[in-house]
Amino acid sequence: MNTTELFLIAMTIILGVPYLVWRVFRTDYWAPLVVVQIVTGILLGPGVLGKVFPDYYGTVFAPPVIGALNGIAWWAVMVFVWIAGIELDLREVWKQRRECGTTAGLALAGPLVAGCLAALAMLAWRDGWMGEAAATWQFVLGVGMACAVTALPILILLLEKLDVLRRPLGMRVLRYASLDDLAIWGVLAIILLDWKRVGHQAAFLAGFAVAAWLFRRLMARLQESDRWYVGLIWLAACGYGADWCGLHYMVGAFLAGAIIDRDWFTLDHLDKLRHHVLLVVMPVFFLSTGLRTNWSVGGTAVFVAAALLLVASVAGKLAGVGLAGKLLGWARGDAWTIGWLLQTKALIMIIFVNILLDRHVITSETFTALLLMAVASTMLTVPIVAPRLKRLLD
């Protein structure tokens with residue numbers, strides 16, 4: 001078979017298998033389609049399918065096919081992060097800055113500290129977790145931040161599913177998650193800071209500031225139909241600039257969206273674009289993520305590390321939000337509900353650790369443990385939160 005035929009077989013598997021599992025087993029309550037796609041990507045990777053059927057794996061996922069899939073995955077995830085940047089509503093956060101700053105800060109600090117302690121425990125336990133290009137502080141901060149991440153786009157999907165997205169509780173949670181989302185990319189930029197290329201990075205940031213001012217003036221004059229097209233050109237240019245200076249193209253994608261006003265686009269159109277990206281191209285990113293999983297330090301060690309990171313993430317988040325609730329005088333039970341909603345990690349956390357893996361801050365074994373933690377954390381959210389929300393709505 002030629003490369004085109006193999007590519008189409010791979011796409012049939014990528015789109016077909018998760019959908020059948022999701023529909024046949026009706027997993028939507030505890031595992032939305034997004035989560036099923038991520039798990040399927042892991043199962044189709046070298047750690048599972050490649051071990052059980054190595055010849056089949058080597059034929060279908062040959063290097064030319066992987067190259068084509070990676071190209072789609074890069075663009076898909078750039079568009080998705082760009083949308084996440086657009087959805088930041090910092091003006092509303094500023095109006096309620098005391099509550100938002102306190103909650104978001106503690107919701108981030110709790111799991112960040114717990115995750116950093118877990119990372120130090122992993123380093124003391126055995127070798128093979130830290131990438132060859134990383135200093136110890138980069139590894140520890142990277143793993144800690146991965147435990148603290150809240151995935152804003154997936155949180156929106158789950159809030160829609162729970163029917164609270166446009167209710168006061170949903171809007172509160174989105175404001176907290178927006179601030180944490182902003183902090184995630186700031187910390188990532190610090191981790192990726194390369195003193196050998198700091199001149200390039202400073203030049204990019206200075207050029208970006210000027211270009212962003214000009215871009216905003218242009219966008220304000222355009223009709224919405226033109227804004228979409230110009231926005232995508234801006235996305236590609238920012239991604240290139242960030243990657244050229246060593247910050248990674250995902251940082252550029254987020255910056256490209258963050259300076260765009262959400263009011264420039266119809267909210268319904270923005271929601272539809274996010275759903276269409278998730279439907280059409282993001283499954284390829286999930287598969288490419290699964291292809292990077294590795295169990296070479298031993299499956300047991302990876303699962304133990306994933307469990308340790310999950311405990312650090314959940315306990316740290318609940319403790320941080322619980323403290324915020326006491327300081328701000330929340331109603332009883334609000335901190336528990338909000339703390340669990342902010343556990344949602346999935347996509348943004350997976351993107352974050354993909355970047356750490358690309359930059360050799362973590363190894364593929366650590367990547368696998370963090371990926372398992374992200375899937376488990378996201379799958380726990382709806383089953384734990386839904387019964388309480390139902391009682392509140394009733």
# chains A, B, ... in the order shown; residues from 1 in each chain; ligands from 1
$ residues_around --residues "A:Gly207" --least-positions-apart "6" --cutoff "12 Å" --atoms "only C-alpha atoms" --output "PyMOL selection string"
chain A and resi 200-201+213-215+237-238+241-242+245
$ write_last_selection --atoms "N, CA and C atoms" --output "PDB file, in the first residue's frame"
ATOM      1  N   HIS A 200      17.201  36.759  21.239  1.00  0.00           N
ATOM      2  CA  HIS A 200      16.126  36.454  20.293  1.00  0.00           C
ATOM      3  C   HIS A 200      14.762  36.554  20.972  1.00  0.00           C
ATOM      4  N   GLN A 201      14.684  36.039  22.216  1.00  0.00           N
ATOM      5  CA  GLN A 201      13.409  36.062  22.923  1.00  0.00           C
ATOM      6  C   GLN A 201      12.975  37.484  23.270  1.00  0.00           C
ATOM      7  N   TRP A 213      -0.138  45.777  18.756  1.00  0.00           N
ATOM      8  CA  TRP A 213      -0.821  47.077  18.729  1.00  0.00           C
ATOM      9  C   TRP A 213      -1.365  47.370  17.324  1.00  0.00           C
ATOM     10  N   LEU A 214      -0.551  47.141  16.311  1.00  0.00           N
ATOM     11  CA  LEU A 214      -0.991  47.356  14.933  1.00  0.00           C
ATOM     12  C   LEU A 214      -2.100  46.385  14.544  1.00  0.00           C
ATOM     13  N   PHE A 215      -1.947  45.131  14.979  1.00  0.00           N
ATOM     14  CA  PHE A 215      -2.941  44.100  14.657  1.00  0.00           C
ATOM     15  C   PHE A 215      -4.299  44.454  15.262  1.00  0.00           C
ATOM     16  N   ALA A 237       1.875  33.432  12.105  1.00  0.00           N
ATOM     17  CA  ALA A 237       3.047  34.295  12.231  1.00  0.00           C
ATOM     18  C   ALA A 237       3.574  34.309  13.668  1.00  0.00           C
ATOM     19  N   CYS A 238       2.669  34.394  14.643  1.00  0.00           N
ATOM     20  CA  CYS A 238       3.093  34.404  16.052  1.00  0.00           C
ATOM     21  C   CYS A 238       3.704  33.066  16.451  1.00  0.00           C
ATOM     22  N   GLY A 241       7.225  33.022  15.095  1.00  0.00           N
ATOM     23  CA  GLY A 241       8.123  33.901  15.843  1.00  0.00           C
ATOM     24  C   GLY A 241       8.509  33.320  17.189  1.00  0.00           C
ATOM     25  N   ALA A 242       7.534  32.742  17.905  1.00  0.00           N
ATOM     26  CA  ALA A 242       7.826  32.166  19.215  1.00  0.00           C
ATOM     27  C   ALA A 242       8.747  30.954  19.094  1.00  0.00           C
ATOM     28  N   CYS A 245      12.445  31.964  18.354  1.00  0.00           N
ATOM     29  CA  CYS A 245      13.227  32.504  19.470  1.00  0.00           C
ATOM     30  C   CYS A 245      13.416  31.504  20.595  1.00  0.00           C
TER      31      CYS A 245
END
$ residues_around --residues "stretch 144-161 of chain A" --least-positions-apart "6" --cutoff "9 Å" --atoms "only C-alpha atoms" --output "compact mmCIF listing (two decimals) with all heavy atoms, in the first residue's frame"
# COMPACT_ATOMS: atom_id res chain seq x y z
N PRO A 32 -16.11 11.70 28.70
CA PRO A 32 -16.55 12.34 27.46
C PRO A 32 -15.72 11.86 26.27
O PRO A 32 -14.65 11.27 26.44
CB PRO A 32 -16.32 13.83 27.74
CG PRO A 32 -16.25 13.95 29.22
CD PRO A 32 -15.69 12.67 29.72
N VAL A 34 -13.81 13.33 24.30
CA VAL A 34 -12.44 13.84 24.32
C VAL A 34 -11.53 12.90 25.12
O VAL A 34 -10.42 12.57 24.70
CB VAL A 34 -12.40 15.27 24.91
CG1 VAL A 34 -10.96 15.71 25.13
CG2 VAL A 34 -13.12 16.25 23.99
N PHE A 80 -6.54 25.38 18.60
CA PHE A 80 -7.25 25.17 19.85
C PHE A 80 -6.73 26.09 20.95
O PHE A 80 -7.50 26.69 21.71
CB PHE A 80 -7.11 23.71 20.27
CG PHE A 80 -8.14 23.28 21.26
CD1 PHE A 80 -9.39 22.84 20.84
CD2 PHE A 80 -7.88 23.32 22.61
CE1 PHE A 80 -10.35 22.46 21.76
CE2 PHE A 80 -8.83 22.94 23.54
CZ PHE A 80 -10.07 22.51 23.11
N VAL A 81 -5.41 26.22 21.06
CA VAL A 81 -4.82 27.11 22.07
C VAL A 81 -5.14 28.56 21.75
O VAL A 81 -5.37 29.38 22.65
CB VAL A 81 -3.30 26.87 22.16
CG1 VAL A 81 -2.62 27.92 23.03
CG2 VAL A 81 -3.02 25.48 22.72
N ILE A 83 -7.88 29.66 20.35
CA ILE A 83 -9.25 29.87 20.82
C ILE A 83 -9.28 30.04 22.33
O ILE A 83 -10.00 30.89 22.87
CB ILE A 83 -10.15 28.69 20.39
CG1 ILE A 83 -10.25 28.65 18.86
CG2 ILE A 83 -11.53 28.81 21.00
CD1 ILE A 83 -10.93 27.40 18.34
N ALA A 84 -8.47 29.23 23.04
CA ALA A 84 -8.41 29.36 24.50
C ALA A 84 -7.93 30.75 24.90
O ALA A 84 -8.43 31.34 25.88
CB ALA A 84 -7.47 28.29 25.08
N GLU A 87 -10.75 33.26 24.50
CA GLU A 87 -11.82 33.11 25.48
C GLU A 87 -11.48 33.71 26.85
O GLU A 87 -12.34 33.78 27.73
CB GLU A 87 -12.18 31.63 25.63
CG GLU A 87 -12.97 31.11 24.43
CD GLU A 87 -13.19 29.61 24.50
OE1 GLU A 87 -12.41 28.93 25.18
OE2 GLU A 87 -14.14 29.14 23.85
N LEU A 88 -10.24 34.11 27.05
CA LEU A 88 -9.89 34.78 28.31
C LEU A 88 -10.68 36.09 28.42
O LEU A 88 -10.68 36.90 27.50
CB LEU A 88 -8.40 35.08 28.35
CG LEU A 88 -7.44 33.91 28.59
CD1 LEU A 88 -6.01 34.40 28.51
CD2 LEU A 88 -7.70 33.27 29.93
N ALA A 107 -5.86 28.31 44.29
CA ALA A 107 -6.15 27.11 43.49
C ALA A 107 -4.94 26.67 42.67
O ALA A 107 -4.79 25.49 42.36
CB ALA A 107 -7.33 27.38 42.56
N LEU A 108 -4.08 27.63 42.33
CA LEU A 108 -2.86 27.30 41.60
C LEU A 108 -1.73 26.91 42.56
O LEU A 108 -1.00 25.94 42.32
CB LEU A 108 -2.43 28.50 40.76
CG LEU A 108 -1.34 28.25 39.71
CD1 LEU A 108 -1.90 27.45 38.55
CD2 LEU A 108 -0.78 29.57 39.21
N ALA A 109 -1.61 27.64 43.66
CA ALA A 109 -0.49 27.42 44.58
C ALA A 109 -0.56 26.07 45.27
O ALA A 109 0.47 25.39 45.45
CB ALA A 109 -0.45 28.54 45.62
N GLY A 110 -1.76 25.63 45.66
CA GLY A 110 -1.91 24.36 46.38
C GLY A 110 -1.36 23.18 45.60
O GLY A 110 -0.44 22.48 46.05
N PRO A 111 -1.90 22.90 44.40
CA PRO A 111 -1.38 21.77 43.63
C PRO A 111 0.03 22.00 43.09
O PRO A 111 0.76 21.04 42.85
CB PRO A 111 -2.40 21.64 42.48
CG PRO A 111 -3.07 22.96 42.39
CD PRO A 111 -3.09 23.51 43.77
N LEU A 112 0.42 23.27 42.89
CA LEU A 112 1.78 23.54 42.43
C LEU A 112 2.80 23.09 43.47
O LEU A 112 3.77 22.40 43.15
CB LEU A 112 1.94 25.04 42.14
CG LEU A 112 3.35 25.52 41.76
CD1 LEU A 112 3.83 24.84 40.49
CD2 LEU A 112 3.37 27.04 41.60
N VAL A 113 2.57 23.45 44.73
CA VAL A 113 3.48 23.04 45.81
C VAL A 113 3.46 21.52 45.97
O VAL A 113 4.51 20.87 46.08
CB VAL A 113 3.10 23.74 47.13
CG1 VAL A 113 3.90 23.15 48.29
CG2 VAL A 113 3.33 25.24 47.02
N ALA A 114 2.25 20.94 45.99
CA ALA A 114 2.14 19.48 46.13
C ALA A 114 2.81 18.76 44.96
O ALA A 114 3.49 17.74 45.15
CB ALA A 114 0.67 19.08 46.24
N GLY A 115 2.63 19.29 43.75
CA GLY A 115 3.25 18.67 42.57
C GLY A 115 4.76 18.78 42.59
O GLY A 115 5.46 17.84 42.18
N CYS A 116 5.28 19.91 43.05
CA CYS A 116 6.74 20.06 43.16
C CYS A 116 7.32 19.06 44.16
O CYS A 116 8.38 18.47 43.92
CB CYS A 116 7.09 21.49 43.58
SG CYS A 116 6.84 22.73 42.29
N LEU A 117 6.62 18.85 45.27
CA LEU A 117 7.06 17.86 46.26
C LEU A 117 7.03 16.46 45.66
O LEU A 117 7.93 15.64 45.90
CB LEU A 117 6.19 17.93 47.51
CG LEU A 117 6.31 19.22 48.34
CD1 LEU A 117 5.28 19.22 49.47
CD2 LEU A 117 7.72 19.37 48.90
N ALA A 118 5.98 16.17 44.87
CA ALA A 118 5.89 14.87 44.21
C ALA A 118 7.04 14.69 43.21
O ALA A 118 7.61 13.59 43.09
CB ALA A 118 4.54 14.73 43.50
N ALA A 119 7.39 15.75 42.50
CA ALA A 119 8.50 15.68 41.54
C ALA A 119 9.82 15.40 42.25
O ALA A 119 10.65 14.60 41.77
CB ALA A 119 8.59 16.99 40.75
N GLY A 170 -21.09 28.76 37.07
CA GLY A 170 -20.24 28.51 35.91
C GLY A 170 -19.38 29.69 35.55
O GLY A 170 -18.18 29.55 35.24
N VAL A 173 -16.45 30.00 38.05
CA VAL A 173 -15.39 29.01 37.81
C VAL A 173 -14.56 29.40 36.59
O VAL A 173 -13.33 29.26 36.59
CB VAL A 173 -16.00 27.60 37.64
CG1 VAL A 173 -14.92 26.59 37.26
CG2 VAL A 173 -16.69 27.16 38.93
N LEU A 174 -15.22 29.91 35.56
CA LEU A 174 -14.48 30.33 34.35
C LEU A 174 -13.54 31.49 34.64
O LEU A 174 -12.43 31.55 34.09
CB LEU A 174 -15.47 30.73 33.25
CG LEU A 174 -16.21 29.59 32.55
CD1 LEU A 174 -17.11 30.15 31.45
CD2 LEU A 174 -15.24 28.58 31.95
N ALA A 177 -10.51 30.00 36.39
CA ALA A 177 -9.72 29.21 35.45
C ALA A 177 -8.98 30.10 34.45
O ALA A 177 -7.87 29.77 34.01
CB ALA A 177 -10.62 28.22 34.71
N SER A 178 -9.59 31.24 34.09
CA SER A 178 -8.95 32.15 33.14
C SER A 178 -7.63 32.69 33.69
O SER A 178 -6.62 32.75 32.98
CB SER A 178 -9.89 33.32 32.81
OG SER A 178 -11.03 32.87 32.14
N ASP A 180 -5.75 31.30 36.03
CA ASP A 180 -4.80 30.19 36.12
C ASP A 180 -4.24 29.84 34.75
O ASP A 180 -3.06 29.51 34.60
CB ASP A 180 -5.47 28.97 36.75
CG ASP A 180 -5.62 29.12 38.26
OD1 ASP A 180 -5.03 30.06 38.82
OD2 ASP A 180 -6.33 28.30 38.87
N ASP A 181 -5.10 29.92 33.72
CA ASP A 181 -4.66 29.64 32.36
C ASP A 181 -3.57 30.62 31.93
O ASP A 181 -2.59 30.24 31.29
CB ASP A 181 -5.86 29.73 31.40
CG ASP A 181 -5.70 28.84 30.18
OD1 ASP A 181 -5.14 27.75 30.33
OD2 ASP A 181 -6.12 29.25 29.10
N ILE A 184 -0.29 29.72 33.67
CA ILE A 184 0.35 28.52 33.12
C ILE A 184 1.32 28.89 32.02
O ILE A 184 2.47 28.42 31.98
CB ILE A 184 -0.74 27.56 32.59
CG1 ILE A 184 -1.50 26.92 33.76
CG2 ILE A 184 -0.12 26.47 31.71
CD1 ILE A 184 -2.83 26.35 33.35
N VAL A 187 4.44 30.75 33.36
CA VAL A 187 5.41 29.84 33.97
C VAL A 187 6.13 29.04 32.89
O VAL A 187 7.34 28.80 32.98
CB VAL A 187 4.72 28.92 34.99
CG1 VAL A 187 5.66 27.79 35.44
CG2 VAL A 187 4.23 29.72 36.18
N LEU A 188 5.39 28.63 31.88
CA LEU A 188 6.02 27.87 30.79
C LEU A 188 7.10 28.71 30.11
O LEU A 188 8.19 28.20 29.79
CB LEU A 188 4.96 27.45 29.76
CG LEU A 188 5.49 26.67 28.56
CD1 LEU A 188 6.11 25.34 29.01
CD2 LEU A 188 4.38 26.42 27.55
N ARG A 274 -14.72 25.98 18.08
CA ARG A 274 -14.08 25.09 19.05
C ARG A 274 -14.61 23.67 18.89
O ARG A 274 -13.83 22.70 18.87
CB ARG A 274 -14.32 25.58 20.47
CG ARG A 274 -13.57 24.78 21.53
CD ARG A 274 -13.82 25.28 22.93
NE ARG A 274 -15.22 25.20 23.32
CZ ARG A 274 -16.04 26.24 23.43
NH1 ARG A 274 -15.60 27.46 23.21
NH2 ARG A 274 -17.30 26.07 23.77
N LEU A 309 1.17 11.60 41.46
CA LEU A 309 0.87 12.91 40.88
C LEU A 309 -0.63 13.22 40.96
O LEU A 309 -1.02 14.37 41.17
CB LEU A 309 1.33 12.93 39.42
CG LEU A 309 2.85 12.87 39.21
CD1 LEU A 309 3.19 12.59 37.76
CD2 LEU A 309 3.52 14.16 39.67
N LEU A 310 -1.48 12.20 40.83
CA LEU A 310 -2.92 12.40 40.93
C LEU A 310 -3.30 12.84 42.35
O LEU A 310 -4.10 13.77 42.53
CB LEU A 310 -3.66 11.11 40.56
CG LEU A 310 -5.19 11.16 40.64
CD1 LEU A 310 -5.75 12.19 39.65
CD2 LEU A 310 -5.79 9.79 40.37
N ALA A 312 -1.35 14.33 44.51
CA ALA A 312 -0.83 15.69 44.70
C ALA A 312 -1.74 16.71 44.04
O ALA A 312 -2.04 17.77 44.61
CB ALA A 312 0.59 15.78 44.14
N SER A 313 -2.19 16.40 42.82
CA SER A 313 -3.03 17.33 42.07
C SER A 313 -4.38 17.55 42.75
O SER A 313 -4.81 18.69 42.97
CB SER A 313 -3.23 16.79 40.65
OG SER A 313 -4.16 17.57 39.94
N VAL A 314 -5.06 16.45 43.10
CA VAL A 314 -6.40 16.55 43.68
C VAL A 314 -6.35 17.17 45.07
O VAL A 314 -7.09 18.11 45.38
CB VAL A 314 -7.06 15.15 43.72
CG1 VAL A 314 -8.37 15.21 44.51
CG2 VAL A 314 -7.31 14.65 42.32
N GLY A 316 -3.97 18.96 46.51
CA GLY A 316 -3.50 20.34 46.47
C GLY A 316 -4.57 21.31 46.00
O GLY A 316 -4.76 22.40 46.57
N LYS A 317 -5.32 20.92 44.96
CA LYS A 317 -6.37 21.79 44.43
C LYS A 317 -7.50 21.98 45.44
O LYS A 317 -7.97 23.10 45.68
CB LYS A 317 -6.93 21.21 43.14
CG LYS A 317 -7.92 22.10 42.39
CD LYS A 317 -7.24 23.27 41.71
CE LYS A 317 -6.54 22.84 40.44
NZ LYS A 317 -5.96 23.98 39.70
N LEU A 341 -14.41 20.99 40.02
CA LEU A 341 -14.54 21.48 38.65
C LEU A 341 -13.18 21.94 38.10
O LEU A 341 -12.88 21.75 36.93
CB LEU A 341 -15.54 22.63 38.60
CG LEU A 341 -17.02 22.24 38.71
CD1 LEU A 341 -17.89 23.47 38.86
CD2 LEU A 341 -17.45 21.43 37.49
N LEU A 342 -12.36 22.53 38.96
CA LEU A 342 -11.05 23.01 38.53
C LEU A 342 -10.03 21.87 38.39
O LEU A 342 -8.89 22.11 38.01
CB LEU A 342 -10.53 24.06 39.51
CG LEU A 342 -11.30 25.38 39.53
CD1 LEU A 342 -10.75 26.31 40.62
CD2 LEU A 342 -11.23 26.08 38.18
N GLN A 343 -10.44 20.63 38.69
CA GLN A 343 -9.55 19.48 38.47
C GLN A 343 -9.41 19.17 36.98
O GLN A 343 -8.47 18.47 36.58
CB GLN A 343 -10.10 18.22 39.15
CG GLN A 343 -10.13 18.27 40.65
CD GLN A 343 -8.75 18.32 41.27
OE1 GLN A 343 -7.76 17.98 40.64
NE2 GLN A 343 -8.68 18.78 42.50
N THR A 344 -10.33 19.66 36.17
CA THR A 344 -10.35 19.34 34.74
C THR A 344 -9.02 19.73 34.10
O THR A 344 -8.66 20.90 34.07
CB THR A 344 -11.50 20.10 34.05
OG1 THR A 344 -12.71 19.81 34.74
CG2 THR A 344 -11.62 19.67 32.61
N LYS A 345 -8.31 18.75 33.56
CA LYS A 345 -6.99 19.02 32.98
C LYS A 345 -6.98 18.71 31.49
O LYS A 345 -6.86 19.59 30.66
CB LYS A 345 -5.92 18.20 33.70
CG LYS A 345 -5.81 18.54 35.16
CD LYS A 345 -4.61 17.91 35.80
CE LYS A 345 -4.58 18.17 37.29
NZ LYS A 345 -4.78 19.56 37.68
N ALA A 346 -7.02 17.46 31.15
CA ALA A 346 -7.07 16.99 29.76
C ALA A 346 -6.21 17.82 28.81
O ALA A 346 -5.00 17.81 28.91
CB ALA A 346 -8.52 16.91 29.28
N LEU A 347 -6.84 18.58 27.91
CA LEU A 347 -6.13 19.11 26.75
C LEU A 347 -4.99 20.06 27.08
O LEU A 347 -3.87 19.89 26.61
CB LEU A 347 -7.11 19.82 25.81
CG LEU A 347 -8.06 18.90 25.05
CD1 LEU A 347 -8.88 19.70 24.06
CD2 LEU A 347 -7.30 17.82 24.33
N ILE A 348 -5.25 21.10 27.87
CA ILE A 348 -4.21 22.11 28.10
C ILE A 348 -3.03 21.49 28.83
O ILE A 348 -1.87 21.78 28.53
CB ILE A 348 -4.79 23.31 28.90
CG1 ILE A 348 -5.86 24.01 28.06
CG2 ILE A 348 -3.68 24.29 29.26
CD1 ILE A 348 -5.38 24.59 26.75
N MET A 349 -3.30 20.60 29.78
CA MET A 349 -2.22 19.95 30.49
C MET A 349 -1.42 19.05 29.55
O MET A 349 -0.19 18.99 29.61
CB MET A 349 -2.79 19.15 31.67
CG MET A 349 -1.74 18.61 32.61
SD MET A 349 -1.12 17.01 32.04
CE MET A 349 -0.65 16.27 33.57
N ILE A 350 -2.12 18.35 28.66
CA ILE A 350 -1.43 17.49 27.70
C ILE A 350 -0.59 18.32 26.74
O ILE A 350 0.54 17.94 26.40
CB ILE A 350 -2.47 16.62 26.95
CG1 ILE A 350 -3.11 15.63 27.92
CG2 ILE A 350 -1.82 15.88 25.79
CD1 ILE A 350 -4.29 14.89 27.36
N PHE A 352 0.71 21.21 27.50
CA PHE A 352 1.80 21.70 28.34
C PHE A 352 2.92 20.66 28.45
O PHE A 352 4.10 20.97 28.25
CB PHE A 352 1.23 22.04 29.72
CG PHE A 352 2.22 22.58 30.71
CD1 PHE A 352 2.56 23.92 30.72
CD2 PHE A 352 2.80 21.75 31.65
CE1 PHE A 352 3.46 24.43 31.64
CE2 PHE A 352 3.71 22.24 32.58
CZ PHE A 352 4.04 23.59 32.57
N VAL A 353 2.56 19.41 28.74
CA VAL A 353 3.61 18.39 28.92
C VAL A 353 4.20 17.95 27.59
O VAL A 353 5.35 17.50 27.52
CB VAL A 353 3.09 17.18 29.73
CG1 VAL A 353 2.74 17.60 31.14
CG2 VAL A 353 1.92 16.50 29.06
N LEU A 370 2.27 11.67 33.61
CA LEU A 370 1.46 12.89 33.66
C LEU A 370 0.21 12.75 32.80
O LEU A 370 -0.86 13.26 33.16
CB LEU A 370 2.30 14.08 33.19
CG LEU A 370 3.39 14.55 34.16
CD1 LEU A 370 4.35 15.51 33.48
CD2 LEU A 370 2.77 15.22 35.39
N MET A 373 -2.28 10.75 34.70
CA MET A 373 -2.83 11.58 35.76
C MET A 373 -3.89 12.54 35.21
O MET A 373 -4.97 12.72 35.80
CB MET A 373 -1.71 12.38 36.44
CG MET A 373 -2.17 13.28 37.57
SD MET A 373 -2.60 14.94 37.05
CE MET A 373 -0.98 15.66 36.84
N ALA A 374 -3.62 13.16 34.05
CA ALA A 374 -4.57 14.10 33.46
C ALA A 374 -5.87 13.42 33.08
O ALA A 374 -6.97 13.96 33.32
CB ALA A 374 -3.94 14.75 32.23
N THR A 378 -9.52 14.24 34.97
CA THR A 378 -10.66 14.73 34.19
C THR A 378 -11.85 13.78 34.30
O THR A 378 -13.00 14.23 34.40
CB THR A 378 -10.24 14.90 32.72
OG1 THR A 378 -9.10 15.75 32.65
CG2 THR A 378 -11.37 15.52 31.91
N THR A 381 -14.08 14.25 37.45
CA THR A 381 -14.79 15.51 37.68
C THR A 381 -16.31 15.37 37.63
O THR A 381 -17.00 15.70 38.60
CB THR A 381 -14.34 16.57 36.65
OG1 THR A 381 -12.93 16.76 36.76
CG2 THR A 381 -15.05 17.88 36.87
N VAL A 382 -16.85 14.88 36.52
CA VAL A 382 -18.31 14.84 36.35
C VAL A 382 -18.98 13.91 37.35
O VAL A 382 -19.97 14.30 37.99
CB VAL A 382 -18.68 14.48 34.90
CG1 VAL A 382 -20.18 14.24 34.77
CG2 VAL A 382 -18.25 15.59 33.95
$ residues_around --residues "A:Val321" --least-positions-apart "3" --cutoff "6 Å" --atoms "only C-alpha atoms" --output "PDB file with all heavy atoms, in the first residue's frame"
ATOM      1  N   ALA A 107      -5.857  28.306  44.286  1.00  0.00           N
ATOM      2  CA  ALA A 107      -6.153  27.109  43.492  1.00  0.00           C
ATOM      3  C   ALA A 107      -4.943  26.670  42.674  1.00  0.00           C
ATOM      4  O   ALA A 107      -4.792  25.486  42.360  1.00  0.00           O
ATOM      5  CB  ALA A 107      -7.335  27.378  42.560  1.00  0.00           C
ATOM      6  N   LEU A 318      -7.952  20.882  46.060  1.00  0.00           N
ATOM      7  CA  LEU A 318      -9.035  20.977  47.037  1.00  0.00           C
ATOM      8  C   LEU A 318      -8.613  21.779  48.263  1.00  0.00           C
ATOM      9  O   LEU A 318      -9.399  22.568  48.804  1.00  0.00           O
ATOM     10  CB  LEU A 318      -9.486  19.576  47.453  1.00  0.00           C
ATOM     11  CG  LEU A 318     -10.193  18.748  46.375  1.00  0.00           C
ATOM     12  CD1 LEU A 318     -10.510  17.360  46.894  1.00  0.00           C
ATOM     13  CD2 LEU A 318     -11.463  19.441  45.884  1.00  0.00           C
ATOM     14  N   ALA A 324      -9.367  29.250  50.140  1.00  0.00           N
ATOM     15  CA  ALA A 324      -9.960  30.447  49.531  1.00  0.00           C
ATOM     16  C   ALA A 324     -11.415  30.619  49.979  1.00  0.00           C
ATOM     17  O   ALA A 324     -11.867  31.733  50.273  1.00  0.00           O
ATOM     18  CB  ALA A 324      -9.886  30.347  48.008  1.00  0.00           C
ATOM     19  N   ALA A 335     -16.741  25.341  47.969  1.00  0.00           N
ATOM     20  CA  ALA A 335     -15.318  25.091  47.748  1.00  0.00           C
ATOM     21  C   ALA A 335     -15.093  23.683  47.209  1.00  0.00           C
ATOM     22  O   ALA A 335     -14.250  23.468  46.322  1.00  0.00           O
ATOM     23  CB  ALA A 335     -14.533  25.291  49.045  1.00  0.00           C
ATOM     24  N   GLY A 339     -13.611  23.245  43.622  1.00  0.00           N
ATOM     25  CA  GLY A 339     -12.330  22.551  43.612  1.00  0.00           C
ATOM     26  C   GLY A 339     -12.316  21.373  42.661  1.00  0.00           C
ATOM     27  O   GLY A 339     -11.338  21.166  41.928  1.00  0.00           O
TER      28      GLY A 339
END
$ select_by_dssp --residues "stretch 136-379 of chain A" --states "alpha helix (DSSP H)" --output "JSON, numbers by chain"
{"A": [136, 137, 138, 139, 140, 141, 142, 143, 144, 145, 146, 147, 148, 152, 153, 154, 155, 156, 157, 158, 159, 160, 161, 168, 169, 170, 171, 172, 173, 174, 175, 176, 177, 178, 179, 180, 181, 182, 183, 184, 185, 186, 187, 188, 189, 190, 191, 198, 199, 200, 201, 202, 203, 204, 205, 206, 207, 208, 209, 210, 211, 212, 213, 214, 215, 216, 217, 218, 219, 220, 221, 224, 225, 226, 227, 228, 229, 230, 231, 232, 233, 234, 235, 236, 237, 238, 239, 240, 241, 242, 243, 244, 245, 249, 250, 251, 252, 253, 254, 255, 256, 257, 258, 267, 268, 269, 270, 271, 272, 273, 274, 275, 276, 277, 278, 279, 280, 282, 283, 284, 285, 286, 287, 288, 289, 290, 299, 300, 301, 302, 303, 304, 305, 306, 307, 308, 309, 310, 311, 312, 313, 314, 315, 316, 317, 318, 319, 320, 321, 322, 323, 324, 325, 326, 327, 328, 334, 335, 336, 337, 338, 339, 340, 341, 346, 347, 348, 349, 350, 351, 352, 353, 354, 355, 356, 357, 358, 364, 365, 366, 367, 368, 369, 370, 371, 372, 373, 374, 375, 376, 377, 378, 379]}
$ atom_distance --atom1 "atom CA of A:Leu372" --atom2 "atom CA of A:Lys272"
28.7 Å
$ atom_distance --atom1 "atom CA of A:Val230" --atom2 "atom CA of A:Leu218"
9.3 Å
$ closest_residue --among "A:Gly252, A:Gly320, A:Pro283, A:Gly45" --to "A:Ala76" --atoms "only C-alpha atoms"
A:Pro283
$ closest_residue --among "A:Met219, A:Ile351, A:Leu291, A:Ala307" --to "A:Ile260" --atoms "only C-alpha atoms"
A:Met219
$ atom_distance --atom1 "atom CA of A:Thr293" --atom2 "atom CA of A:Leu371"
8.3 Å
$ closest_residue --among "A:Ile384, A:Leu20, A:Val143, A:Ile66" --to "A:Met130" --atoms "only C-alpha atoms"
A:Val143
$ residues_around --residues "A:Tyr240" --least-positions-apart "5" --cutoff "10 Å" --atoms "only C-alpha atoms" --output "NGL selection string"
:A and (234-235 or 245 or 248-250 or 252-253)
$ closest_residue --among "A:Trp264, A:Phe254, A:Trp336, A:Phe204" --to "A:Ala220" --atoms "only C-alpha atoms"
A:Trp264
